[in-house]
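The file data-v6.pdb comes next; it holds PDB, C-alpha atoms.
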```
MODEL        1
ATOM      1  CA  MET A   1      24.223  68.173 -26.479
ATOM      2  CA  LEU A   2      22.604  64.862 -25.651
ATOM      3  CA  ARG A   3      20.046  65.469 -28.396
ATOM      4  CA  SER A   4      22.786  65.415 -31.030
ATOM      5  CA  LEU A   5      24.078  62.116 -29.634
ATOM      6  CA  THR A   6      20.717  60.352 -29.845
ATOM      7  CA  THR A   7      20.069  61.861 -33.277
ATOM      8  CA  ALA A   8      23.404  60.583 -34.558
ATOM      9  CA  ILE A   9      22.764  57.146 -33.092
ATOM     10  CA  SER A  10      19.508  56.890 -35.054
ATOM     11  CA  GLY A  11      21.510  57.705 -38.173
ATOM     12  CA  LEU A  12      24.071  54.974 -37.462
ATOM     13  CA  GLN A  13      21.352  52.394 -36.878
ATOM     14  CA  ASN A  14      19.423  53.218 -40.037
ATOM     15  CA  PHE A  15      22.480  53.526 -42.280
ATOM     16  CA  GLN A  16      23.540  50.094 -41.038
ATOM     17  CA  GLY A  17      20.109  48.793 -42.044
ATOM     18  CA  ARG A  18      20.515  50.314 -45.499
ATOM     19  CA  MET A  19      23.934  48.656 -45.817
ATOM     20  CA  ASP A  20      22.309  45.330 -44.913
ATOM     21  CA  VAL A  21      19.823  45.773 -47.769
ATOM     22  CA  ILE A  22      22.596  46.707 -50.207
ATOM     23  CA  GLY A  23      24.604  43.667 -49.132
ATOM     24  CA  ASN A  24      21.622  41.395 -49.715
ATOM     25  CA  ASN A  25      21.064  42.880 -53.171
ATOM     26  CA  ILE A  26      24.676  42.296 -54.179
ATOM     27  CA  ALA A  27      24.654  38.771 -52.731
ATOM     28  CA  ASN A  28      21.673  37.921 -54.964
ATOM     29  CA  VAL A  29      23.013  39.430 -58.186
ATOM     30  CA  ASN A  30      22.986  35.939 -59.757
ATOM     31  CA  THR A  31      19.761  34.675 -58.149
ATOM     32  CA  THR A  32      17.135  33.779 -60.742
ATOM     33  CA  ALA A  33      14.331  36.381 -60.922
ATOM     34  CA  PHE A  34      15.520  38.114 -57.735
ATOM     35  CA  LYS A  35      14.007  41.552 -57.138
ATOM     36  CA  SER A  36      16.288  44.129 -55.547
ATOM     37  CA  ALA A  37      15.173  46.257 -52.608
ATOM     38  CA  ARG A  38      15.635  49.862 -51.603
ATOM     39  CA  VAL A  39      15.370  51.681 -48.269
ATOM     40  CA  ASP A  40      13.133  54.740 -47.893
ATOM     41  CA  PHE A  41      14.091  57.045 -45.017
ATOM     42  CA  SER A  42      11.891  59.571 -43.247
ATOM     43  CA  ASP A  43      12.665  62.149 -40.572
ATOM     44  CA  SER A  44      11.723  61.352 -37.002
ATOM     45  CA  PHE A  45       9.586  63.424 -34.626
ATOM     46  CA  SER A  46      10.706  67.047 -34.330
ATOM     47  CA  GLN A  47      10.814  68.798 -30.967
ATOM     48  CA  THR A  48       8.963  72.128 -31.168
ATOM     49  CA  LEU A  49      10.760  74.917 -29.311
ATOM     50  CA  ARG A  50       8.386  77.648 -30.498
ATOM     51  CA  ARG A  51       5.068  77.466 -32.301
ATOM     52  CA  PRO A  52       4.242  79.857 -35.171
ATOM     53  CA  SER A  53       2.348  83.026 -34.266
ATOM     54  CA  ALA A  54      -0.132  85.086 -36.300
ATOM     55  CA  GLY A  55      -0.753  88.823 -36.596
ATOM     56  CA  GLU A  56       1.828  91.596 -36.347
ATOM     57  CA  GLY A  57       5.247  90.394 -35.484
ATOM     58  CA  LYS A  58       4.284  86.908 -36.556
ATOM     59  CA  SER A  59       7.082  84.399 -36.430
ATOM     60  CA  GLY A  60       7.658  80.938 -37.727
ATOM     61  CA  ALA A  61       7.994  77.776 -35.735
ATOM     62  CA  ILE A  62      11.331  76.671 -34.313
ATOM     63  CA  GLN A  63      11.789  72.909 -34.387
ATOM     64  CA  VAL A  64      14.713  70.567 -33.904
ATOM     65  CA  GLY A  65      14.612  67.142 -35.491
ATOM     66  CA  SER A  66      15.398  64.010 -33.516
ATOM     67  CA  GLY A  67      16.955  61.891 -36.226
ATOM     68  CA  VAL A  68      15.981  59.563 -39.022
ATOM     69  CA  GLY A  69      13.876  56.425 -39.309
ATOM     70  CA  THR A  70      13.327  53.702 -41.887
ATOM     71  CA  ASP A  71       9.987  54.407 -43.517
ATOM     72  CA  ALA A  72       9.941  51.298 -45.736
ATOM     73  CA  ILE A  73      12.078  48.682 -47.418
ATOM     74  CA  ARG A  74      10.554  48.267 -50.870
ATOM     75  CA  ASP A  75      11.208  45.633 -53.489
ATOM     76  CA  VAL A  76      11.815  46.933 -57.006
ATOM     77  CA  TYR A  77       9.673  44.768 -59.310
ATOM     78  CA  SER A  78      11.191  45.826 -62.625
ATOM     79  CA  GLN A  79      11.680  43.150 -65.292
ATOM     80  CA  GLY A  80      15.020  41.356 -65.182
ATOM     81  CA  ALA A  81      16.937  40.478 -68.344
ATOM     82  CA  MET A  82      16.068  37.220 -70.114
ATOM     83  CA  SER A  83      18.650  34.447 -70.479
ATOM     84  CA  ARG A  84      18.157  31.666 -72.996
ATOM     85  CA  THR A  85      18.928  28.246 -71.476
ATOM     86  CA  GLY A  86      17.373  25.810 -73.943
ATOM     87  CA  VAL A  87      16.040  23.682 -71.057
ATOM     88  CA  LEU A  88      12.378  22.780 -71.688
ATOM     89  CA  THR A  89      11.339  23.047 -68.069
ATOM     90  CA  ASP A  90      12.799  26.561 -67.683
ATOM     91  CA  MET A  91      10.215  29.307 -68.071
ATOM     92  CA  ALA A  92      10.276  33.073 -67.801
ATOM     93  CA  ILE A  93       7.418  35.580 -67.756
ATOM     94  CA  GLY A  94       7.692  38.367 -70.283
ATOM     95  CA  GLY A  95       5.701  41.062 -68.503
ATOM     96  CA  GLU A  96       3.605  41.107 -65.342
ATOM     97  CA  GLY A  97       2.582  38.064 -63.332
ATOM     98  CA  TYR A  98       3.797  35.221 -61.171
ATOM     99  CA  PHE A  99       3.797  31.436 -61.320
ATOM    100  CA  VAL A 100       1.606  29.758 -58.702
ATOM    101  CA  VAL A 101       3.177  26.823 -56.845
ATOM    102  CA  ARG A 102       1.849  24.561 -54.103
ATOM    103  CA  ASP A 103       3.625  23.114 -51.085
ATOM    104  CA  THR A 104       2.540  19.459 -51.062
ATOM    105  CA  VAL A 105       3.262  19.173 -47.326
ATOM    106  CA  THR A 106       1.268  22.150 -46.022
ATOM    107  CA  ASP A 107      -1.009  22.566 -49.097
ATOM    108  CA  ASN A 108      -0.246  26.306 -49.067
ATOM    109  CA  ASP A 109       0.036  28.243 -52.327
ATOM    110  CA  PHE A 110       2.876  30.637 -53.091
ATOM    111  CA  ILE A 111       3.757  32.804 -56.066
ATOM    112  CA  THR A 112       7.164  33.192 -57.675
ATOM    113  CA  ARG A 113       8.928  34.727 -60.668
ATOM    114  CA  ASN A 114      11.568  31.989 -60.611
ATOM    115  CA  GLY A 115      10.745  29.640 -63.495
ATOM    116  CA  ALA A 116      13.590  27.163 -62.931
ATOM    117  CA  PHE A 117      11.307  24.117 -62.853
ATOM    118  CA  ARG A 118      12.053  20.427 -63.323
ATOM    119  CA  THR A 119      10.004  17.250 -63.641
ATOM    120  CA  ASP A 120      10.021  14.761 -60.783
ATOM    121  CA  GLU A 121       9.624  10.982 -60.914
ATOM    122  CA  GLY A 122       5.843  11.314 -61.293
ATOM    123  CA  GLY A 123       6.054  13.765 -64.191
ATOM    124  CA  TYR A 124       4.996  16.731 -62.047
ATOM    125  CA  MET A 125       6.586  20.102 -62.764
ATOM    126  CA  VAL A 126       8.188  21.264 -59.523
ATOM    127  CA  THR A 127      10.516  23.955 -58.228
ATOM    128  CA  ASN A 128      13.978  23.050 -56.958
ATOM    129  CA  SER A 129      12.470  22.914 -53.455
ATOM    130  CA  GLY A 130       9.701  20.508 -54.553
ATOM    131  CA  HIS A 131       6.719  22.889 -54.847
ATOM    132  CA  ARG A 132       4.370  21.855 -57.653
ATOM    133  CA  LEU A 133       3.485  24.261 -60.450
ATOM    134  CA  GLN A 134      -0.237  25.032 -60.737
ATOM    135  CA  GLY A 135      -2.502  25.413 -63.771
ATOM    136  CA  PHE A 136      -5.182  23.625 -65.760
ATOM    137  CA  ASN A 137      -4.213  19.958 -65.401
ATOM    138  CA  THR A 138      -6.897  18.475 -67.661
ATOM    139  CA  THR A 139      -7.001  18.305 -71.449
ATOM    140  CA  ASP A 140     -10.254  20.309 -71.583
ATOM    141  CA  LEU A 141      -8.579  23.083 -69.518
ATOM    142  CA  SER A 142     -11.361  23.142 -66.945
ATOM    143  CA  ALA A 143      -9.827  22.018 -63.639
ATOM    144  CA  MET A 144      -6.916  23.583 -61.799
ATOM    145  CA  GLY A 145      -4.309  21.497 -60.026
ATOM    146  CA  ASP A 146      -0.732  20.218 -60.128
ATOM    147  CA  MET A 147       0.836  20.394 -63.571
ATOM    148  CA  GLN A 148       1.802  16.892 -64.730
ATOM    149  CA  ILE A 149       3.290  15.816 -68.033
ATOM    150  CA  ASP A 150       2.082  12.339 -68.944
ATOM    151  CA  LEU A 151      -0.315  10.574 -71.331
ATOM    152  CA  THR A 152      -3.466  11.292 -69.352
ATOM    153  CA  GLY A 153      -6.178  12.495 -71.736
ATOM    154  CA  MET A 154      -4.495  11.274 -74.922
ATOM    155  CA  PRO A 155      -6.895  11.234 -77.914
ATOM    156  CA  ALA A 156      -9.023   8.149 -78.477
ATOM    157  CA  THR A 157      -7.777   8.135 -82.073
ATOM    158  CA  SER A 158      -4.179   7.673 -80.941
ATOM    159  CA  ASP A 159      -2.467   4.298 -80.830
ATOM    160  CA  PRO A 160      -3.055   2.878 -77.318
ATOM    161  CA  ASN A 161       0.562   1.738 -77.293
ATOM    162  CA  ALA A 162       1.932   5.132 -78.317
ATOM    163  CA  THR A 163       4.582   6.727 -76.136
ATOM    164  CA  MET A 164       5.570  10.316 -75.498
ATOM    165  CA  VAL A 165       8.397  11.486 -77.722
ATOM    166  CA  SER A 166       8.456  15.206 -76.856
ATOM    167  CA  TRP A 167       6.545  18.035 -75.256
ATOM    168  CA  SER A 168       6.654  21.824 -75.279
ATOM    169  CA  VAL A 169       5.193  24.913 -73.606
ATOM    170  CA  SER A 170       3.696  27.633 -75.821
ATOM    171  CA  ASN A 171       3.613  31.374 -75.094
ATOM    172  CA  ASP A 172       0.062  31.049 -73.744
ATOM    173  CA  GLY A 173       1.159  28.341 -71.306
ATOM    174  CA  LYS A 174      -0.364  25.343 -73.071
ATOM    175  CA  ILE A 175       1.627  22.135 -72.727
ATOM    176  CA  GLY A 176       1.586  20.139 -75.953
ATOM    177  CA  VAL A 177       2.531  16.451 -75.932
ATOM    178  CA  ASN A 178       3.719  14.698 -79.105
ATOM    179  CA  LEU A 179       3.224  10.912 -79.384
ATOM    180  CA  SER A 180       5.212   8.264 -81.201
ATOM    181  CA  ASP A 181       2.330   7.579 -83.646
ATOM    182  CA  GLY A 182       2.478  11.180 -84.924
ATOM    183  CA  THR A 183      -0.531  12.484 -82.991
ATOM    184  CA  SER A 184      -0.433  15.207 -80.354
ATOM    185  CA  PHE A 185      -2.684  16.758 -77.731
ATOM    186  CA  VAL A 186      -2.768  19.549 -75.137
ATOM    187  CA  ARG A 187      -2.079  18.096 -71.691
ATOM    188  CA  GLY A 188      -2.802  21.288 -69.699
ATOM    189  CA  GLN A 189      -2.033  24.970 -69.354
ATOM    190  CA  VAL A 190       0.223  26.899 -67.000
ATOM    191  CA  LEU A 191      -1.654  29.790 -65.353
ATOM    192  CA  LEU A 192      -0.291  33.032 -63.915
ATOM    193  CA  GLN A 193      -1.341  35.177 -60.972
ATOM    194  CA  ASN A 194      -0.870  38.915 -60.546
ATOM    195  CA  VAL A 195      -1.314  41.390 -57.688
ATOM    196  CA  ARG A 196      -2.197  45.076 -57.472
ATOM    197  CA  ASN A 197      -0.106  45.809 -54.373
ATOM    198  CA  PRO A 198       3.179  43.870 -54.491
ATOM    199  CA  ALA A 199       4.394  45.740 -51.387
ATOM    200  CA  ALA A 200       2.075  43.475 -49.362
ATOM    201  CA  LEU A 201       3.909  40.325 -50.479
ATOM    202  CA  VAL A 202       6.114  38.537 -47.948
ATOM    203  CA  LYS A 203       9.383  36.894 -48.981
ATOM    204  CA  GLU A 204       9.555  33.298 -47.762
ATOM    205  CA  GLY A 205      12.948  32.327 -49.206
ATOM    206  CA  ASN A 206      13.586  30.073 -52.213
ATOM    207  CA  SER A 207      12.258  32.940 -54.398
ATOM    208  CA  LEU A 208       8.737  32.390 -53.014
ATOM    209  CA  TYR A 209       6.215  35.023 -51.939
ATOM    210  CA  SER A 210       3.302  34.540 -49.557
ATOM    211  CA  GLY A 211       0.567  36.940 -48.477
ATOM    212  CA  PHE A 212      -0.787  37.492 -51.968
ATOM    213  CA  LEU A 213      -4.358  37.354 -50.617
ATOM    214  CA  LEU A 214      -3.689  40.788 -49.062
ATOM    215  CA  ALA A 215      -1.955  42.090 -52.184
ATOM    216  CA  GLY A 216      -5.057  42.241 -54.383
ATOM    217  CA  PRO A 217      -4.777  39.075 -56.517
ATOM    218  CA  LEU A 218      -6.742  38.304 -59.665
ATOM    219  CA  GLY A 219     -10.110  36.948 -58.554
ATOM    220  CA  GLY A 220     -10.154  38.960 -55.312
ATOM    221  CA  ALA A 221     -11.149  36.979 -52.226
ATOM    222  CA  THR A 222     -11.130  33.804 -54.336
ATOM    223  CA  PRO A 223      -7.800  34.095 -56.197
ATOM    224  CA  THR A 224      -8.133  32.900 -59.787
ATOM    225  CA  ALA A 225      -5.036  32.619 -61.932
ATOM    226  CA  ALA A 226      -5.276  33.638 -65.595
ATOM    227  CA  PRO A 227      -3.904  32.190 -68.843
ATOM    228  CA  PRO A 228      -0.696  33.927 -69.982
ATOM    229  CA  GLY A 229      -1.361  36.916 -72.202
ATOM    230  CA  THR A 230      -4.743  37.714 -70.612
ATOM    231  CA  ASN A 231      -5.954  39.886 -67.717
ATOM    232  CA  GLY A 232      -2.773  41.953 -67.782
ATOM    233  CA  VAL A 233      -0.322  39.106 -67.207
ATOM    234  CA  GLY A 234       2.613  38.504 -69.537
ATOM    235  CA  LYS A 235       3.407  35.603 -71.817
ATOM    236  CA  ILE A 236       5.623  32.619 -71.071
ATOM    237  CA  GLU A 237       9.027  32.265 -72.669
ATOM    238  CA  SER A 238       9.932  28.571 -72.672
ATOM    239  CA  GLY A 239      13.582  27.545 -72.348
ATOM    240  CA  THR A 240      14.385  30.932 -70.782
ATOM    241  CA  LEU A 241      15.040  32.258 -67.285
ATOM    242  CA  GLU A 242      14.618  35.761 -65.911
ATOM    243  CA  LEU A 243      17.807  37.107 -64.352
ATOM    244  CA  SER A 244      18.131  39.229 -61.224
ATOM    245  CA  ASN A 245      17.271  42.911 -61.694
ATOM    246  CA  VAL A 246      20.095  44.045 -59.373
ATOM    247  CA  ASP A 247      22.052  46.953 -60.895
ATOM    248  CA  LEU A 248      25.591  46.577 -59.550
ATOM    249  CA  ALA A 249      26.625  50.105 -60.572
ATOM    250  CA  ASN A 250      23.706  51.565 -58.637
ATOM    251  CA  GLU A 251      24.364  49.304 -55.638
ATOM    252  CA  PHE A 252      28.028  50.298 -55.419
ATOM    253  CA  SER A 253      27.080  53.969 -55.712
ATOM    254  CA  SER A 254      24.549  53.535 -52.894
ATOM    255  CA  MET A 255      27.176  51.699 -50.855
ATOM    256  CA  ILE A 256      29.594  54.643 -51.136
ATOM    257  CA  THR A 257      27.002  57.262 -50.168
ATOM    258  CA  THR A 258      25.805  55.101 -47.264
ATOM    259  CA  GLN A 259      29.360  54.604 -46.030
ATOM    260  CA  ARG A 260      30.102  58.342 -46.164
ATOM    261  CA  ALA A 261      26.848  59.181 -44.419
ATOM    262  CA  PHE A 262      27.696  56.636 -41.707
ATOM    263  CA  GLN A 263      31.137  58.199 -41.273
ATOM    264  CA  ALA A 264      29.693  61.726 -41.096
ATOM    265  CA  THR A 265      27.144  60.636 -38.512
ATOM    266  CA  ALA A 266      29.863  58.941 -36.467
ATOM    267  CA  ARG A 267      31.791  62.249 -36.579
ATOM    268  CA  VAL A 268      28.765  63.984 -35.033
ATOM    269  CA  ILE A 269      29.028  61.596 -32.084
ATOM    270  CA  SER A 270      32.768  62.295 -31.744
ATOM    271  CA  THR A 271      32.218  66.060 -31.871
ATOM    272  CA  SER A 272      29.382  65.883 -29.358
ATOM    273  CA  ASP A 273      31.650  63.903 -27.061
ATOM    274  CA  GLU A 274      34.344  66.595 -27.319
ATOM    275  CA  LEU A 275      31.804  69.288 -26.475
ATOM    276  CA  LEU A 276      30.639  67.334 -23.446
ATOM    277  CA  GLN A 277      34.233  66.919 -22.364
ATOM    278  CA  GLU A 278      34.779  70.685 -22.558
ATOM    279  CA  LEU A 279      31.619  71.222 -20.531
ATOM    280  CA  VAL A 280      32.782  68.833 -17.824
ATOM    281  CA  ASN A 281      36.205  70.480 -17.734
ATOM    282  CA  LEU A 282      34.813  74.001 -17.166
ATOM    283  CA  LYS A 283      35.181  73.482 -13.420
ATOM    284  CA  ARG A 284      38.574  72.174 -12.396
TER     285      ARG A 284
ENDMDL
END
```
Take the structure in the file and give it back as structure tokens.
Amino acid sequence: MLRSLTTAISGLQNFQGRMDVIGNNIANVNTTAFKSARVDFSDSFSQTLRRPSAGEGKSGAIQVGSGVGTDAIRDVYSQGAMSRTGVLTDMAIGGEGYFVVRDTVTDNDFITRNGAFRTDEGGYMVTNSGHRLQGFNTTDLSAMGDMQIDLTGMPATSDPNATMVSWSVSNDGKIGVNLSDGTSFVRGQVLLQNVRNPAALVKEGNSLYSGFLLAGPLGGATPTAAPPGTNGVGKIESGTLELSNVDLANEFSSMITTQRAFQATARVISTSDELLQELVNLKR
């Protein structure tokens, strides 16, 4: 009798955890590049009442399960829909890969699918939380660092007094700067990182992931980001943002089944309680 109580309690606890995941998915339905999560359940240890026997009169094992456990909470890394914004600093990745950004305070690198960047007062491309986008930051595309949009490296043939009139990001991540004298040059190139085991990534909030060193990044022990369109990473779509991949219909369906499973498990506790009450009342 007590076994059914503890088994049902494990169900209540794990169904509540699944509801927490569903609630988080729905809450982030409008979060840029958010990746939904799912809960994988597995049965808990089974108590063996009789082991299988061989030979004549052989019999199978008799086991009673002890409940359910959460085996994993996995992120679903499917591509979200693309939304055209027309904002130059907005970028989306069409395919695999992540942007690499750096925390200027701790000097730690993170990866993200959220391409809602902006330029700060120094011309650096940063996230809304101030992390600087990484890539080739020299005109010869040889050194990696903070992406900055300015006149550094302008051609010697350009007018020294020329000013920047516009800039753009191509599908391969190259940032082209157009000058007032009609000349132009490539200021740098946005690079992308990818991982073989995204399940090892750790969510840090603000759409950032850490732990990519353990997730099998490009370059191995010395992570080396790649130009868009190479090494299996996708291309950059400028003026576009990737939307959340949360499927509301699927989430509401999961919510209903989780709620009913929770109710059924709660009924097991009520029934077990009634049986215990009858047992106690046998002697009056």
* Structure fact -> Across A:Asn137, A:Ser83, A:Ser180, A:Thr257, the smallest distance to Ser158 in chain A, with all atoms listed in the file counted, is shown by A:Ser180
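Among the candidate residues A:Ala162, A:Val246, A:Ile62, A:Val68, the one lying nearest to Val177 in chain A is A:Ala162, with distances computed using only C-alpha atoms.
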With all atoms of range 226-244 of chain A from the file as input, state the centre and edge lengths in Å to one decimal of the axis-aligned box that has 4 Å extra on each side, as lines of an AutoDock Vina configuration file.
```
center_x = 6.1
center_y = 34.7
center_z = -66.9
size_x = 32.1
size_y = 22.4
size_z = 19.4
```
* Sphere at (14.6, 25.0, -63.3), radius 7 Å, counting only C-alpha atoms: residues as a PyMOL selection string -> chain A and resi 89-90+115-118+127-128
Would you translate the PyMOL selection byres ((chain A and resi 38) around 12) into the concrete set of residues it matches in this file, as a PDB file with C-alpha atoms, in the frame of the given file?
```pdb
ATOM      1  CA  GLY A  17      20.109  48.793 -42.044  1.00  0.00           C
ATOM      2  CA  ARG A  18      20.515  50.314 -45.499  1.00  0.00           C
ATOM      3  CA  MET A  19      23.934  48.656 -45.817  1.00  0.00           C
ATOM      4  CA  ASP A  20      22.309  45.330 -44.913  1.00  0.00           C
ATOM      5  CA  VAL A  21      19.823  45.773 -47.769  1.00  0.00           C
ATOM      6  CA  ILE A  22      22.596  46.707 -50.207  1.00  0.00           C
ATOM      7  CA  GLY A  23      24.604  43.667 -49.132  1.00  0.00           C
ATOM      8  CA  ASN A  24      21.622  41.395 -49.715  1.00  0.00           C
ATOM      9  CA  ASN A  25      21.064  42.880 -53.171  1.00  0.00           C
ATOM     10  CA  LYS A  35      14.007  41.552 -57.138  1.00  0.00           C
ATOM     11  CA  SER A  36      16.288  44.129 -55.547  1.00  0.00           C
ATOM     12  CA  ALA A  37      15.173  46.257 -52.608  1.00  0.00           C
ATOM     13  CA  VAL A  39      15.370  51.681 -48.269  1.00  0.00           C
ATOM     14  CA  ASP A  40      13.133  54.740 -47.893  1.00  0.00           C
ATOM     15  CA  PHE A  41      14.091  57.045 -45.017  1.00  0.00           C
ATOM     16  CA  THR A  70      13.327  53.702 -41.887  1.00  0.00           C
ATOM     17  CA  ASP A  71       9.987  54.407 -43.517  1.00  0.00           C
ATOM     18  CA  ALA A  72       9.941  51.298 -45.736  1.00  0.00           C
ATOM     19  CA  ILE A  73      12.078  48.682 -47.418  1.00  0.00           C
ATOM     20  CA  ARG A  74      10.554  48.267 -50.870  1.00  0.00           C
ATOM     21  CA  ASP A  75      11.208  45.633 -53.489  1.00  0.00           C
ATOM     22  CA  VAL A  76      11.815  46.933 -57.006  1.00  0.00           C
ATOM     23  CA  TYR A  77       9.673  44.768 -59.310  1.00  0.00           C
ATOM     24  CA  ALA A 199       4.394  45.740 -51.387  1.00  0.00           C
ATOM     25  CA  VAL A 246      20.095  44.045 -59.373  1.00  0.00           C
ATOM     26  CA  ASP A 247      22.052  46.953 -60.895  1.00  0.00           C
ATOM     27  CA  ASN A 250      23.706  51.565 -58.637  1.00  0.00           C
ATOM     28  CA  GLU A 251      24.364  49.304 -55.638  1.00  0.00           C
ATOM     29  CA  SER A 254      24.549  53.535 -52.894  1.00  0.00           C
ATOM     30  CA  MET A 255      27.176  51.699 -50.855  1.00  0.00           C
TER      31      MET A 255
END
```
